[in-house]
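Engineer: So here's query.txt (compact mmCIF, C-alpha atoms (C1' of nucleotides)).
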# COMPACT_ATOMS: atom_id res chain seq x y z
CA MET A 1478 38.68 -25.99 21.06
CA LEU A 1479 36.18 -23.56 22.46
CA SER A 1480 34.52 -22.29 19.34
CA ALA A 1481 32.39 -19.18 19.33
CA PHE A 1482 29.92 -20.94 17.04
CA PRO A 1483 27.81 -23.63 18.70
CA GLU A 1484 27.01 -25.59 15.54
CA GLU A 1485 28.81 -28.71 16.61
CA LYS A 1486 26.23 -30.87 18.29
CA LEU A 1487 24.32 -31.53 15.09
CA ASP A 1488 23.15 -34.94 13.96
CA PRO A 1489 25.99 -36.45 11.89
CA ARG A 1490 23.60 -36.94 9.01
CA VAL A 1491 22.79 -33.25 8.94
CA LYS A 1492 26.43 -32.25 8.99
CA ARG A 1493 27.16 -34.69 6.22
CA THR A 1494 24.31 -33.57 4.02
CA ARG A 1495 25.10 -29.89 4.36
CA SER A 1496 28.73 -30.48 3.72
CA LEU A 1497 27.93 -32.51 0.61
CA LEU A 1498 25.61 -29.81 -0.68
CA GLU A 1499 28.16 -27.11 0.06
CA GLY A 1500 30.92 -28.95 -1.76
CA ALA A 1501 28.77 -29.74 -4.77
CA PHE A 1502 27.55 -26.17 -4.86
CA MET A 1503 31.04 -24.76 -5.04
CA GLU A 1504 31.95 -27.19 -7.78
CA VAL A 1505 29.01 -26.48 -10.05
CA VAL A 1506 29.19 -22.74 -9.44
CA ALA A 1507 32.83 -22.79 -10.45
CA GLN A 1508 31.80 -24.56 -13.65
CA LYS A 1509 28.65 -22.72 -14.74
CA GLY A 1510 28.43 -19.61 -12.60
CA PHE A 1511 25.85 -19.01 -9.91
CA GLN A 1512 22.96 -17.91 -12.12
CA ALA A 1513 23.05 -20.91 -14.41
CA VAL A 1514 23.11 -23.44 -11.59
CA SER A 1515 19.91 -25.31 -10.72
CA VAL A 1516 18.98 -27.07 -7.51
CA GLN A 1517 18.99 -30.27 -9.51
CA ASP A 1518 22.58 -29.73 -10.58
CA ILE A 1519 23.61 -29.34 -6.98
CA THR A 1520 21.76 -32.32 -5.54
CA GLU A 1521 22.84 -34.55 -8.39
CA LYS A 1522 26.48 -33.69 -7.92
CA ALA A 1523 26.13 -34.08 -4.15
CA GLY A 1524 24.39 -37.45 -4.35
CA VAL A 1525 21.60 -36.09 -2.18
CA ASN A 1526 17.89 -36.24 -2.83
CA ARG A 1527 16.26 -33.05 -4.05
CA ALA A 1528 13.64 -33.22 -1.31
CA THR A 1529 16.45 -33.32 1.22
CA PHE A 1530 17.82 -30.11 -0.19
CA TYR A 1531 14.57 -28.36 0.54
CA ALA A 1532 14.56 -29.73 4.06
CA HIS A 1533 17.71 -27.69 4.65
CA PHE A 1534 17.47 -24.66 2.42
CA PRO A 1535 14.52 -22.82 0.88
CA ASP A 1536 16.44 -22.26 -2.37
CA LYS A 1537 19.88 -21.90 -3.89
CA TYR A 1538 20.20 -18.37 -2.56
CA ALA A 1539 20.00 -19.67 0.99
CA LEU A 1540 22.68 -22.21 0.19
CA LEU A 1541 24.84 -19.41 -1.15
CA ASP A 1542 24.35 -17.54 2.13
CA TYR A 1543 25.26 -20.62 4.08
CA THR A 1544 28.30 -21.42 1.98
CA VAL A 1545 29.73 -17.93 2.20
CA ARG A 1546 29.06 -17.77 5.92
CA GLN A 1547 30.74 -21.11 6.53
CA GLY A 1548 33.62 -20.25 4.28
CA PHE A 1549 34.39 -17.04 6.07
CA ARG A 1550 34.05 -18.69 9.46
CA GLN A 1551 36.62 -21.22 8.43
CA GLU A 1552 38.86 -18.42 7.30
CA LEU A 1553 38.59 -16.89 10.76
CA GLU A 1554 39.11 -20.20 12.51
CA LYS A 1555 42.16 -20.91 10.41
CA ARG A 1556 43.70 -17.71 11.74
CA MET A 1557 42.37 -18.29 15.28
CA LEU A 1558 40.44 -15.04 15.09
CA ASN A 1559 37.31 -16.68 16.49
CA VAL A 1560 38.95 -17.26 19.84
CA CYS A 1561 40.89 -14.14 20.70
CA THR A 1562 40.62 -10.65 22.09
CA PHE A 1563 41.32 -7.30 20.55
CA SER A 1564 44.83 -6.30 19.61
CA MET A 1565 46.42 -4.49 16.75
CA ASP A 1566 47.92 -7.72 15.52
CA ASN A 1567 44.53 -9.40 15.47
CA LEU A 1568 42.91 -6.46 13.74
CA ARG A 1569 45.65 -6.64 11.14
CA ALA A 1570 45.08 -10.38 10.76
CA LEU A 1571 41.37 -9.74 10.30
CA ILE A 1572 41.97 -7.28 7.49
CA ILE A 1573 44.26 -9.75 5.76
CA ALA A 1574 41.68 -12.50 6.19
CA VAL A 1575 38.97 -10.40 4.56
CA CYS A 1576 41.22 -9.44 1.67
CA GLU A 1577 42.20 -12.98 0.91
CA PHE A 1578 38.74 -14.41 1.38
CA ILE A 1579 37.19 -11.95 -1.05
CA SER A 1580 40.00 -12.44 -3.50
CA THR A 1581 39.85 -16.22 -3.65
CA SER A 1582 36.07 -16.41 -3.45
CA SER A 1583 35.28 -14.06 -6.28
CA SER A 1584 37.87 -15.67 -8.50
CA HIS A 1585 36.05 -18.92 -7.83
CA CYS A 1586 32.72 -17.93 -9.37
CA ASN A 1587 32.57 -17.59 -13.13
CA PRO A 1588 30.92 -15.41 -14.13
CA PRO A 1589 30.84 -13.40 -10.89
CA SER A 1590 27.20 -12.39 -10.67
CA GLN A 1591 25.72 -9.41 -8.87
CA GLN A 1592 23.78 -11.81 -6.61
CA PHE A 1593 26.96 -13.50 -5.60
CA GLU A 1594 28.84 -10.39 -4.64
CA SER A 1595 25.89 -8.94 -2.81
CA VAL A 1596 25.45 -12.03 -0.66
CA MET A 1597 29.13 -12.16 0.04
CA GLU A 1598 29.19 -8.55 1.14
CA THR A 1599 26.23 -9.00 3.46
CA GLN A 1600 27.43 -12.18 5.11
CA VAL A 1601 31.03 -11.19 5.50
CA LYS A 1602 30.22 -7.76 6.90
CA ILE A 1603 27.86 -9.29 9.44
CA GLN A 1604 30.59 -11.51 10.72
CA ILE A 1605 33.24 -8.83 10.83
CA GLN A 1606 30.82 -6.72 12.79
CA GLU A 1607 29.96 -9.46 15.28
CA LEU A 1608 33.59 -10.23 15.86
CA ILE A 1609 34.64 -6.64 16.44
CA GLU A 1610 31.65 -6.04 18.66
CA LYS A 1611 32.74 -8.93 20.86
CA TRP A 1612 36.25 -7.53 20.93
CA ILE A 1613 35.05 -4.13 22.08
CA ASP A 1614 32.64 -5.59 24.64
CA LYS A 1615 35.53 -7.23 26.42
CA LEU A 1616 37.38 -3.93 26.72
CA SER A 1617 36.51 -1.25 29.22
CA THR A 1618 36.05 1.68 26.91
CA ASP A 1619 33.46 4.37 26.39
CA VAL A 1620 33.13 3.58 22.69
CA ASN A 1621 29.68 2.40 21.61
CA PRO A 1622 30.31 -1.17 20.47
CA LYS A 1623 27.58 -1.37 17.85
CA ILE A 1624 28.42 1.93 16.27
CA ALA A 1625 32.13 1.35 16.18
CA ALA A 1626 31.78 -2.22 14.92
CA THR A 1627 29.48 -1.13 12.13
CA ALA A 1628 31.81 1.59 10.98
CA ALA A 1629 34.81 -0.69 11.11
CA SER A 1630 33.13 -3.57 9.32
CA TRP A 1631 32.01 -1.36 6.45
CA ALA A 1632 35.38 0.26 6.21
CA ILE A 1633 37.27 -3.01 6.27
CA TYR A 1634 35.03 -4.62 3.69
CA GLY A 1635 35.15 -1.61 1.42
CA LEU A 1636 38.91 -1.41 1.55
CA ALA A 1637 39.37 -5.14 1.06
CA MET A 1638 37.01 -5.02 -1.91
CA GLN A 1639 38.91 -2.20 -3.49
CA TRP A 1640 42.17 -4.02 -2.91
CA SER A 1641 40.89 -7.25 -4.41
CA ARG A 1642 39.63 -5.43 -7.52
CA ASP A 1643 42.93 -3.67 -8.03
CA LYS A 1644 44.47 -5.31 -11.08
CA ASN A 1645 47.55 -3.12 -11.03
CA LYS A 1646 50.85 -4.92 -11.23
CA LYS A 1647 52.07 -2.88 -8.29
CA ARG A 1648 49.21 -3.84 -6.02
CA PRO A 1649 50.64 -4.42 -2.54
CA SER A 1650 50.43 -7.77 -0.83
CA ALA A 1651 47.51 -8.25 1.54
CA GLU A 1652 49.94 -7.87 4.43
CA ASP A 1653 51.38 -4.60 3.20
CA PHE A 1654 47.92 -3.31 2.45
CA ALA A 1655 46.79 -4.21 5.95
CA ASP A 1656 49.72 -2.35 7.46
CA GLN A 1657 48.81 0.62 5.35
CA VAL A 1658 45.16 0.87 6.40
CA LEU A 1659 45.53 -0.39 9.94
CA PRO A 1660 45.89 3.05 11.60
CA LEU A 1661 42.85 4.22 9.71
CA ILE A 1662 40.65 1.42 10.99
CA ALA A 1663 42.03 1.62 14.46
CA GLY A 1664 41.27 5.32 14.48
CA ASN A 1665 37.83 4.44 13.26
CA LEU A 1666 37.45 2.37 16.39
CA ARG A 1667 38.93 5.15 18.50
CA LEU A 1668 41.01 2.49 20.12
CA LEU A 1669 44.44 3.76 19.27
CA GLU A 1670 45.00 4.80 22.83
CA THR A 1671 43.43 1.89 24.69
CA ALA A 1672 45.27 -0.98 23.05
CA MET B 423 28.22 -48.21 -19.02
CA LEU B 424 27.16 -51.81 -18.89
CA SER B 425 28.93 -53.00 -15.81
CA ALA B 426 29.27 -56.64 -14.97
CA PHE B 427 28.53 -55.84 -11.34
CA PRO B 428 24.92 -54.92 -10.60
CA GLU B 429 25.60 -52.97 -7.40
CA GLU B 430 24.45 -49.68 -8.77
CA LYS B 431 20.82 -49.42 -7.83
CA LEU B 432 21.54 -49.17 -4.13
CA ASP B 433 19.98 -46.58 -1.87
CA PRO B 434 22.30 -43.55 -1.95
CA ARG B 435 22.52 -43.68 1.82
CA VAL B 436 24.00 -47.16 1.89
CA LYS B 437 26.44 -46.32 -0.87
CA ARG B 438 27.52 -43.31 1.10
CA THR B 439 27.84 -45.20 4.37
CA ARG B 440 29.85 -48.03 2.89
CA SER B 441 32.09 -45.66 1.08
CA LEU B 442 32.70 -43.71 4.27
CA LEU B 443 33.50 -46.87 6.18
CA GLU B 444 35.76 -48.08 3.43
CA GLY B 445 37.69 -44.84 3.32
CA ALA B 446 38.05 -44.62 7.07
CA PHE B 447 39.09 -48.24 7.20
CA MET B 448 41.92 -47.73 4.75
CA GLU B 449 43.11 -44.70 6.65
CA VAL B 450 43.23 -46.28 10.08
CA VAL B 451 44.71 -49.50 8.75
CA ALA B 452 47.46 -47.50 7.12
CA GLN B 453 48.13 -45.90 10.49
CA LYS B 454 47.89 -48.75 12.96
CA GLY B 455 47.85 -51.92 10.90
CA PHE B 456 44.86 -54.20 10.51
CA GLN B 457 45.17 -56.11 13.77
CA ALA B 458 45.30 -53.08 16.02
CA VAL B 459 42.28 -51.44 14.44
CA SER B 460 38.95 -51.56 16.29
CA VAL B 461 35.44 -51.11 14.94
CA GLN B 462 35.25 -47.99 17.05
CA ASP B 463 38.28 -46.50 15.37
CA ILE B 464 36.71 -47.03 11.99
CA THR B 465 33.27 -45.65 12.78
CA GLU B 466 34.72 -42.67 14.59
CA LYS B 467 36.93 -41.74 11.68
CA ALA B 468 34.07 -42.31 9.25
CA GLY B 469 31.59 -40.23 11.22
CA VAL B 470 29.18 -43.15 11.19
CA ASN B 471 27.38 -44.69 14.13
CA ARG B 472 28.74 -47.96 15.42
CA ALA B 473 25.33 -49.60 15.20
CA THR B 474 25.25 -48.65 11.55
CA PHE B 475 28.52 -50.45 11.00
CA TYR B 476 26.96 -53.67 12.26
CA ALA B 477 23.98 -53.17 9.98
CA HIS B 478 26.39 -53.51 7.07
CA PHE B 479 29.16 -55.79 8.23
CA PRO B 480 29.33 -58.48 10.91
CA ASP B 481 32.87 -57.41 11.90
CA LYS B 482 36.05 -55.80 10.67
CA TYR B 483 37.03 -58.88 8.72
CA ALA B 484 33.94 -58.55 6.56
CA LEU B 485 34.82 -54.95 5.93
CA LEU B 486 38.28 -56.04 4.88
CA ASP B 487 36.72 -58.48 2.44
CA TYR B 488 34.49 -55.79 1.08
CA THR B 489 37.26 -53.23 0.78
CA VAL B 490 39.60 -55.55 -1.06
CA ARG B 491 36.83 -56.72 -3.35
CA GLN B 492 35.79 -53.18 -4.19
CA GLY B 493 39.35 -52.06 -4.64
CA PHE B 494 40.15 -54.75 -7.13
CA ARG B 495 36.91 -54.14 -8.99
CA GLN B 496 37.85 -50.53 -9.38
CA GLU B 497 41.25 -51.61 -10.63
CA LEU B 498 39.50 -53.70 -13.28
CA GLU B 499 37.07 -50.94 -14.19
CA LYS B 500 39.89 -48.45 -14.52
CA ARG B 501 41.40 -50.68 -17.17
CA MET B 502 38.03 -51.50 -18.74
CA LEU B 503 38.58 -55.16 -18.05
CA ASN B 504 35.07 -55.56 -16.64
CA VAL B 505 33.49 -54.89 -20.02
CA CYS B 506 35.53 -56.75 -22.57
CA THR B 507 36.10 -60.14 -24.16
CA PHE B 508 39.13 -62.36 -24.22
CA SER B 509 42.23 -61.31 -26.07
CA MET B 510 45.93 -61.55 -25.43
CA ASP B 511 46.07 -57.83 -24.82
CA ASN B 512 43.35 -58.06 -22.21
CA LEU B 513 44.99 -61.02 -20.53
CA ARG B 514 48.19 -59.05 -20.41
CA ALA B 515 46.35 -56.06 -18.95
CA LEU B 516 44.82 -58.32 -16.33
CA ILE B 517 48.20 -59.61 -15.22
CA ILE B 518 49.49 -56.06 -14.93
CA ALA B 519 46.42 -55.07 -12.96
CA VAL B 520 46.94 -57.87 -10.46
CA CYS B 521 50.61 -57.03 -10.05
CA GLU B 522 49.99 -53.39 -9.38
CA PHE B 523 47.01 -53.97 -7.14
CA ILE B 524 48.90 -56.35 -4.90
CA SER B 525 51.91 -54.11 -4.86
CA THR B 526 50.13 -50.93 -3.84
CA SER B 527 47.73 -52.66 -1.47
CA SER B 528 50.26 -54.50 0.60
CA SER B 529 52.47 -51.45 0.87
CA HIS B 530 49.40 -49.72 2.27
CA CYS B 531 49.00 -51.89 5.35
CA ASN B 532 51.55 -51.57 8.12
CA PRO B 533 52.29 -54.02 9.49
CA PRO B 534 51.08 -56.37 6.73
CA SER B 535 49.28 -59.05 8.73
CA GLN B 536 48.65 -62.63 7.75
CA GLN B 537 44.90 -61.97 7.92
CA PHE B 538 45.27 -59.17 5.45
CA GLU B 539 47.20 -61.09 2.86
CA SER B 540 44.98 -64.10 3.15
CA VAL B 541 41.82 -62.10 2.55
CA MET B 542 43.44 -60.35 -0.34
CA GLU B 543 44.45 -63.60 -1.95
CA THR B 544 40.99 -65.09 -1.59
CA GLN B 545 39.07 -62.10 -2.89
CA VAL B 546 41.36 -61.27 -5.75
CA LYS B 547 41.59 -64.84 -6.97
CA ILE B 548 37.80 -65.16 -6.94
CA GLN B 549 37.48 -62.19 -9.17
CA ILE B 550 40.21 -63.19 -11.56
CA GLN B 551 38.52 -66.54 -11.84
CA GLU B 552 35.07 -65.09 -12.49
CA LEU B 553 36.41 -62.76 -15.14
CA ILE B 554 38.33 -65.42 -17.00
CA GLU B 555 35.40 -67.79 -16.80
CA LYS B 556 33.19 -65.22 -18.48
CA TRP B 557 35.84 -64.72 -21.13
CA ILE B 558 36.00 -68.40 -21.89
CA ASP B 559 32.23 -68.81 -21.86
CA LYS B 560 31.92 -66.35 -24.69
CA LEU B 561 34.35 -68.30 -26.80
CA SER B 562 33.47 -71.48 -28.63
CA THR B 563 36.13 -73.76 -27.29
CA ASP B 564 36.28 -77.20 -25.83
CA VAL B 565 38.16 -76.01 -22.74
CA ASN B 566 36.32 -76.52 -19.47
CA PRO B 567 35.75 -72.95 -18.28
CA LYS B 568 35.82 -73.64 -14.54
CA ILE B 569 38.95 -75.73 -14.65
CA ALA B 570 40.85 -73.40 -16.92
CA ALA B 571 39.79 -70.31 -15.01
CA THR B 572 40.84 -71.83 -11.71
CA ALA B 573 44.25 -72.79 -12.99
CA ALA B 574 44.80 -69.40 -14.58
CA SER B 575 43.66 -67.43 -11.55
CA TRP B 576 45.97 -69.32 -9.20
CA ALA B 577 48.86 -69.01 -11.60
CA ILE B 578 48.34 -65.32 -12.19
CA TYR B 579 47.99 -64.55 -8.51
CA GLY B 580 51.01 -66.60 -7.58
CA LEU B 581 53.18 -64.99 -10.20
CA ALA B 582 52.00 -61.49 -9.32
CA MET B 583 52.66 -62.18 -5.67
CA GLN B 584 56.16 -63.36 -6.38
CA TRP B 585 56.79 -60.33 -8.54
CA SER B 586 55.53 -57.92 -5.89
CA ARG B 587 57.72 -59.50 -3.22
CA ASP B 588 60.79 -59.28 -5.40
CA LYS B 589 62.91 -56.55 -3.83
CA ASN B 590 65.69 -56.92 -6.36
CA LYS B 591 66.86 -53.73 -8.01
CA LYS B 592 66.58 -55.41 -11.37
CA ARG B 593 62.97 -56.44 -10.92
CA PRO B 594 61.23 -55.92 -14.27
CA SER B 595 58.36 -53.48 -14.65
CA ALA B 596 54.87 -54.95 -14.34
CA GLU B 597 54.53 -54.61 -18.10
CA ASP B 598 57.72 -56.48 -18.86
CA PHE B 599 56.87 -59.12 -16.33
CA ALA B 600 53.46 -59.58 -17.93
CA ASP B 601 55.01 -60.00 -21.35
CA GLN B 602 57.33 -62.58 -19.88
CA VAL B 603 54.64 -64.77 -18.29
CA LEU B 604 51.90 -64.19 -20.82
CA PRO B 605 52.62 -67.24 -22.99
CA LEU B 606 52.69 -69.38 -19.88
CA ILE B 607 49.25 -68.31 -18.74
CA ALA B 608 47.82 -68.47 -22.22
CA GLY B 609 49.15 -71.99 -22.51
CA ASN B 610 47.55 -72.68 -19.22
CA LEU B 611 44.27 -71.71 -20.79
CA ARG B 612 45.07 -73.76 -23.85
CA LEU B 613 43.88 -70.78 -25.83
CA LEU B 614 47.02 -70.07 -27.76
CA GLU B 615 45.46 -71.32 -30.92
CA THR B 616 41.91 -69.97 -30.59
CA ALA B 617 42.67 -66.28 -29.94
C1' DT C 545 0.75 -18.47 -29.56
C1' DC C 546 0.92 -23.03 -28.34
C1' DG C 547 2.85 -27.19 -26.71
C1' DA C 548 6.94 -29.71 -24.85
C1' DA C 549 10.30 -29.85 -21.81
C1' DT C 550 12.55 -28.59 -17.71
C1' DC C 551 12.85 -26.87 -13.15
C1' DT C 552 10.56 -25.85 -8.79
C1' DG C 553 8.56 -26.65 -4.33
C1' DT C 554 5.73 -29.89 -1.68
C1' DT C 555 3.71 -34.18 0.19
C1' DG C 556 3.17 -39.13 2.40
C1' DG C 557 4.96 -43.27 3.20
C1' DA C 558 9.17 -46.38 3.17
C1' DT C 559 13.79 -47.09 4.77
C1' DA C 560 18.42 -46.14 6.58
C1' DA C 561 21.06 -43.98 10.09
C1' DG C 562 21.59 -42.23 14.77
C1' DC C 563 21.47 -42.76 19.75
C1' DA C 564 21.47 -44.52 24.37
C1' DA C 565 21.47 -48.42 26.87
C1' DC C 566 22.40 -53.08 27.78
C1' DA C 567 24.89 -57.62 28.72
C1' DC C 568 28.96 -59.76 27.76
C1' DA C 569 33.99 -60.87 26.80
C1' DG C 570 38.77 -60.26 27.37
C1' DG C 571 42.92 -57.97 29.41
C1' DA C 572 45.67 -55.18 32.83
C1' DG C 573 46.90 -54.22 37.19
C1' DC C 574 46.44 -54.94 42.19
C1' DG D 350 41.07 -64.07 43.37
C1' DC D 351 39.22 -59.13 42.33
C1' DT D 352 37.94 -54.75 39.96
C1' DC D 353 38.53 -51.47 36.27
C1' DC D 354 38.56 -50.60 31.60
C1' DT D 355 37.90 -51.04 26.82
C1' DG D 356 35.82 -53.14 22.99
C1' DT D 357 31.92 -56.04 21.11
C1' DG D 358 27.40 -57.09 19.40
C1' DT D 359 22.43 -56.19 20.06
C1' DT D 360 18.02 -53.74 20.88
C1' DG D 361 13.89 -50.22 20.74
C1' DC D 362 12.91 -45.98 19.58
C1' DT D 363 13.80 -41.38 17.19
C1' DT D 364 15.15 -38.74 13.33
C1' DA D 365 16.92 -37.80 8.67
C1' DT D 366 16.99 -39.12 4.09
C1' DC D 367 15.02 -41.25 0.01
C1' DC D 368 11.58 -41.82 -3.49
C1' DA D 369 7.75 -41.22 -6.48
C1' DA D 370 4.34 -38.36 -7.56
C1' DC D 371 2.10 -34.03 -7.91
C1' DA D 372 0.78 -29.21 -9.45
C1' DG D 373 2.53 -24.91 -10.78
C1' DA D 374 6.17 -21.89 -12.97
C1' DT D 375 9.47 -20.90 -16.55
C1' DT D 376 11.84 -21.43 -20.83
C1' DC D 377 12.21 -22.35 -25.58
C1' DG D 378 11.38 -23.58 -30.14
C1' DA D 379 7.96 -24.66 -33.74
Could you render the structure from this file as structure tokens?
Structural biologist:
Amino acid sequence: MLSAFPEEKLDPRVKRTRSLLEGAFMEVVAQKGFQAVSVQDITEKAGVNRATFYAHFPDKYALLDYTVRQGFRQELEKRMLNVCTFSMDNLRALIIAVCEFISTSSSHCNPPSQQFESVMETQVKIQIQELIEKWIDKLSTDVNPKIAATAASWAIYGLAMQWSRDKNKKRPSAEDFADQVLPLIAGNLRLLETA
Amino acid sequence: MLSAFPEEKLDPRVKRTRSLLEGAFMEVVAQKGFQAVSVQDITEKAGVNRATFYAHFPDKYALLDYTVRQGFRQELEKRMLNVCTFSMDNLRALIIAVCEFISTSSSHCNPPSQQFESVMETQVKIQIQELIEKWIDKLSTDVNPKIAATAASWAIYGLAMQWSRDKNKKRPSAEDFADQVLPLIAGNLRLLETA
DNA sequence: TCGAATCTGTTGGATAAGCAACACAGGAGC
DNA sequence: GCTCCTGTGTTGCTTATCCAACAGATTCGA
């Protein structure tokens, strides 16, 4: 598999350690919430020395960044969105991915702190933007990739956020919601005609 | 917890490595059978360097020893038999433990090789024997601990083996079987009167 | 307000794990 | 016979992790 992310030639020990920290982090955050969690909690649960933690991350905020980033990348990989070109179907799949990632992630942190949501927003938007920018770059269009990708990433995240916060019984499924907003985003990209 | 097995002050790295090897070993053995498995298969699946394997075990047979030993210890710990004294209830629990351990283990190795069963028999009997010897030591009785423990361990293992090979529809549950043979074993220990 | 306790980052030296390379031992096929 | 191939153990050197100890920050209750 030709991944777009070249983080695969790492020392096995490094992979292992980060993965252990990531797993432990998610567990303890689910139990106590992000704020209440200490670095000690994480390393203890992970079976990793505290000094080793600091060799990888400056603090728990950096681990949160890393965890969210990795999580969303996996979400994209799962749907093969990391190895594809632009199409309406893929854009739709991306919107669904964002909706479901936000939904499951935020339900996974009790209580959901401001810190948490802010980091999630930053990291996820960055990756949406990078992906869409790559999509546009591969097309021959006069749209400015950076501009269009920025607009689209903000729009997608905002919409997905609103959807995930919607507690109404009649909230549409992620798929239906994606169908609903798809033309809007596509118009945002000014790509309705080229694809 | 005051465990009878002092393997708890190990460097976290060696615990981790052995546990990874053990897990990978069980997986690949379940897939290909013990004979067909190579050291490479194991280390690859475990994400551990092959040289590291040899730093812990001379070959795959030693890993089999280790895995069986650890597995049975966990079986004992699960039932709290590693931290108790002799009683009929505990003897009964031990018989059940042996039955179920043999049953699940041998169903877990396809094809079940001679090597496999032989190692299992050796390792499990050793541990039954050690446990019973400790039990007897704590009692004030004129029974020779080594002799009695040897006889009991062979008898228990043999009976459990026979039970686990019994493919009859009307095979009793492990509990019923234990009740059935309990007096026999207890007589073997000549402890009917002292407990 | 003052300790006591807990958590945070950081350091130096010890130890385990990783890696690449090697010689060697079967086994398969020609 | 031969070579090719795959797996086995072993080695010297590099790198990551562990550990104990430290000083400073923060929290919390007396």
Engineer: Quick one: contact table of chain C to chain B, 8 Å max, nearest atom pair and distance in Å to one decimal per residue, counting all atoms listed in the file, chain and number order, as CSV?
Structural biologist:
residue,atom,partner,partner_atom,distance
C:DA560,C1',B:Arg435,CA,6.7
C:DA561,C1',B:Thr474,CA,6.4
C:DG562,C1',B:Asn471,CA,6.3
Engineer: Would you save the residues from that selection as a PDB file, in the coordinates of the input, using C-alpha atoms (C1' of nucleotides)?
Structural biologist:
ATOM      1  C1'  DA C 560      18.420 -46.140   6.580  1.00  0.00           C
ATOM      2  C1'  DA C 561      21.060 -43.980  10.090  1.00  0.00           C
ATOM      3  C1'  DG C 562      21.590 -42.230  14.770  1.00  0.00           C
TER       4       DG C 562
END
Engineer: Can you work out the spacing between CA of Ser1650 in chain A and CA of Pro1588 in chain A in Å, to one decimal?
Structural biologist: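 We find that CA of Ser1650 in chain A and CA of Pro1588 in chain A lie 24.8 Å from each other.
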Engineer: Which neighbours of DG557 in chain C fall inside 12 Å, counting all atoms listed in the file, when residues of the same chain fewer than 5 positions from it are skipped, and could you give them as a PDB file with C-alpha atoms (C1' of nucleotides), in the frame of the given file?
Structural biologist:
ATOM      1  C1'  DC D 367      15.020 -41.250   0.010  1.00  0.00           C
ATOM      2  C1'  DC D 368      11.580 -41.820  -3.490  1.00  0.00           C
ATOM      3  C1'  DA D 369       7.750 -41.220  -6.480  1.00  0.00           C
ATOM      4  C1'  DA D 370       4.340 -38.360  -7.560  1.00  0.00           C
TER       5       DA D 370
END
Engineer: For chain D, which of B:Gln453, B:Gln462, B:Gln536, B:Ser441 is the closest residue, counting only C-alpha atoms (C1' of nucleotides)?
Structural biologist: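 Selected residue with least distance to chain D: B:Gln462.
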Engineer: One decimal, in Å: what's the spacing between CA of Glu1610 in chain A and CA of Ser1580 in chain A?
Structural biologist: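 It comes out at 24.5 Å.
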Engineer: Near DG378 in chain D, within 12 Å and counting only C-alpha atoms (C1' of nucleotides), which residues show up once chain neighbours fewer than 6 positions away are dropped, as a list in words?
Structural biologist: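 In the requested form, the answer reads DT545, DC546, DG547, DA548 and DA549 of chain C.
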Engineer: Just give me the gap between CA of Thr1562 in chain A and CA of Ser1583 in chain A in Å, one decimal is fine.
Structural biologist: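 Result for CA of Thr1562 in chain A versus CA of Ser1583 in chain A: 29.1 Å, one decimal.
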Engineer: Taking all atoms listed in the file into account, report as a short mmCIF file (atom, residue, chain, number, x, y, z; two decimals) with C-alpha atoms (C1' of nucleotides), keeping the file's coordinate frame which residues of chain D lie within 10 Å of chain B.
Structural biologist:
data_model
loop_
_atom_site.label_atom_id
_atom_site.label_comp_id
_atom_site.auth_asym_id
_atom_site.auth_seq_id
_atom_site.Cartn_x
_atom_site.Cartn_y
_atom_site.Cartn_z
"C1'" DG D 356 35.82 -53.14 22.99
"C1'" DT D 357 31.92 -56.04 21.11
"C1'" DG D 358 27.40 -57.09 19.40
"C1'" DT D 359 22.43 -56.19 20.06
"C1'" DT D 366 16.99 -39.12 4.09
"C1'" DC D 367 15.02 -41.25 0.01
"C1'" DC D 368 11.58 -41.82 -3.49
#
Engineer: Taking (44.9, -46.9, 10.5) as a centre in this file's frame and 10 Å as the limit, can you find every polymer residue with an atom that close, using only C-alpha atoms (C1' of nucleotides), and give them as a PyMOL selection string?
Structural biologist: chain B and resi 446-460+463-464+467+530-532
Engineer: Rank nothing, just name the residue among D:DT364, D:DC353, D:DC371, D:DA379 nearest to DT554 in chain C, using all atoms listed in the file.
Structural biologist: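 For DT554 in chain C, the nearest of the candidates is D:DC371.
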Engineer: Write out as a list in words which residues come within 9 Å of Leu1666 in chain A when counting all atoms listed in the file, dropping same-chain ones fewer than 6 positions away.
Structural biologist: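 My reading of the contact set: Ile1613, Val1620, Pro1622, Ala1625, Ala1626, Ala1628 and Ala1629 of chain A.
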Engineer: Smallest atom-to-atom distance to chain B: which of A:Ala1523, A:Val1658, A:Ile1609, A:Cys1561, using all atoms listed in the file?
Structural biologist: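 Distance minimum relative to chain B lands on A:Ala1523.
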Engineer: Near Leu561 in chain B, within 9 Å and counting all atoms listed in the file, which residues show up once chain neighbours fewer than 4 positions away are dropped, as a list in words?
Structural biologist: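 What passes the distance filter is Thr507, Phe508, Lys556, Trp557 and Thr616 of chain B.
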Engineer: Can those selected residues be exported to a file as a PDB file, in the frame of the given file so that it contains C-alpha atoms?
Structural biologist:
ATOM      1  CA  THR B 507      36.100 -60.140 -24.160  1.00  0.00           C
ATOM      2  CA  PHE B 508      39.130 -62.360 -24.220  1.00  0.00           C
ATOM      3  CA  LYS B 556      33.190 -65.220 -18.480  1.00  0.00           C
ATOM      4  CA  TRP B 557      35.840 -64.720 -21.130  1.00  0.00           C
ATOM      5  CA  THR B 616      41.910 -69.970 -30.590  1.00  0.00           C
TER       6      THR B 616
END
